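Here's the structure, in structure tokens; my notes come after.
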Amino acid sequence: MAAVERGRAVAERDDALVDMLQQVAPGTVLRAGIERIIKAGKGALIVLGYDKQMEELRSGGFQLKAKLTAQHLSEVAKMDGAILIDNACENILWANVHLVPDSGIPTMETGTRHRTADRMAKQTNIPVISVSESMQIVSVYVGGHKHVLEELSSIMFRANQALATLERYRNRLDEVSAALSALEIENVVTLGNVVQVLQRAERVARISEEIEHAVAELGTEGRLLQLQLDELLLGVESERELVVADYLADRRRKVSKVMESLAALDDAELLEHGKVARALGYSPAEQGDERPVTARGYRLLSRIPRLPDQIVEKLVDKFSSVDHLLDATLEDLGTVDGIGETRARAIKEGLARLAESSILERYA
């Protein structure tokens, strides 16, 4: 449970960081203001949010309530103190403010401005931006995480490399997923086959998160990357969930809980078949790679057009496995509530086509 909670906390922090990067991406008012501050040879401490706790940590300053524009931001940055912006990032509330965070909060930063920014972000959980006057470096603090904004060319280069890696992993995922489908038709699936698909799918998801960060930071410059990313990720999330639903050790366990358990594994743990099998609910005695397992039929039925989810659930309840589904006659299918003669024939023909194409693909 602790690992799951850590994984959930990391996911929430990553989401907050992506939101923050979108606010300072090229094309935004905030980014334009920061660039004006750097060009003027100035530094700044910008707090993106204001609440009761922030009020208590603020000392002095000038109350403005001025609309946030690039010009206004660069002008108030000429004063030494911090700039406080409202939660909607639309108005400058205070300027030239002295911030007094808890000095006992640990920080690895050295400069006064960066130490204050780090401590404020940790204490209030409000994003803080520090613009270095001497180094002209922009640092974003979200909770306990620091992110330094890079040159757009560097971000684009790194994102393109990650995209090429993602494409290779997606191709491999498609291969092992197709192989799993063929094995399901022949009813010779092992736990090792299932683990391999989930490992690949989780890798794809993790690489995509890195690219999401880059896309957020690129702002308007990252639209093409986003289109490529969306295309590569098409169907991956549903594939992961369907594999989990098909091979859960206990069907009563929620798919979302398994997904959280898999996300909580670090990169080294993800390579261990036993850790992935345990996330699916298999005990140590059941975790052998050669252990035979049987698909319930969620993945197979999801590929039949216009088949509602509630009908899929009823079919899985009735037949419980792929091989029983394939052996079912039109009369057997017709006994399921909501399935008439026409739908039964469509399901029977759809299963036959899928079985034939999976076998042909495997031995091609």
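Letters for chains follow the order of the structure tokens (A, B, ...), residue numbers begin at 1 for each chain, and ligand numbers begin at 1 in the order shown.
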
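Neighbouring residues of Lys65 of chain A at 8 Å or closer, counting only C-alpha atoms and skipping chain neighbours under 5 positions away, are Asn91, Ile92, Leu93 and Trp94 of chain A.
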
Using DSSP on the backbone coordinates, identify the residues of segment 1-185 of chain A assigned to helix (DSSP H, G or I); present them as a VMD selection string.
chain A and resid 2 to 23 29 to 39 52 to 57 70 to 76 112 to 124 152 to 185

Would you kindly return, as a list in words, each protein, DNA or RNA residue with an atom no farther than 8 Å from any atom of Val276 of chain A, considering only C-alpha atoms and excluding same-chain residues fewer than 6 positions away?
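So, after excluding close chain neighbours, the residues are Val195, Leu198, Gln199, Leu262 and Leu270 of chain A.
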
Kindly indicate which residue among A:Gly350, A:Gly340, A:Gly49, A:Gly192 lies nearest to Ile85 of chain A, using only C-alpha atoms for the distances.
A:Gly49

If we count only C-alpha atoms and set the cut-off at 10 Å, which residues sit around Thr28 of chain A, ignoring sequence neighbours fewer than 6 positions away in its own chain? Please answer as a ChimeraX atom specification.
/A:22,69-70,219-220

Next, write the just-selected residues to a file, as a PDB file, in the first residue's frame, keeping C-alpha atoms as the atom set.
```pdb
ATOM      1  CA  GLN A  22       1.842  25.047 -19.404  1.00  0.00           C
ATOM      2  CA  THR A  69       0.610  41.454 -18.575  1.00  0.00           C
ATOM      3  CA  ALA A  70       4.182  40.977 -19.723  1.00  0.00           C
ATOM      4  CA  GLY A 219       3.745  25.530 -25.466  1.00  0.00           C
ATOM      5  CA  THR A 220       2.683  26.616 -28.949  1.00  0.00           C
TER       6      THR A 220
END
```

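When only C-alpha atoms are used to measure the gap to Asp14 of chain A, the shortest distance among A:Glu210, A:Glu90, A:Asp317, A:Glu241 belongs to A:Glu210.
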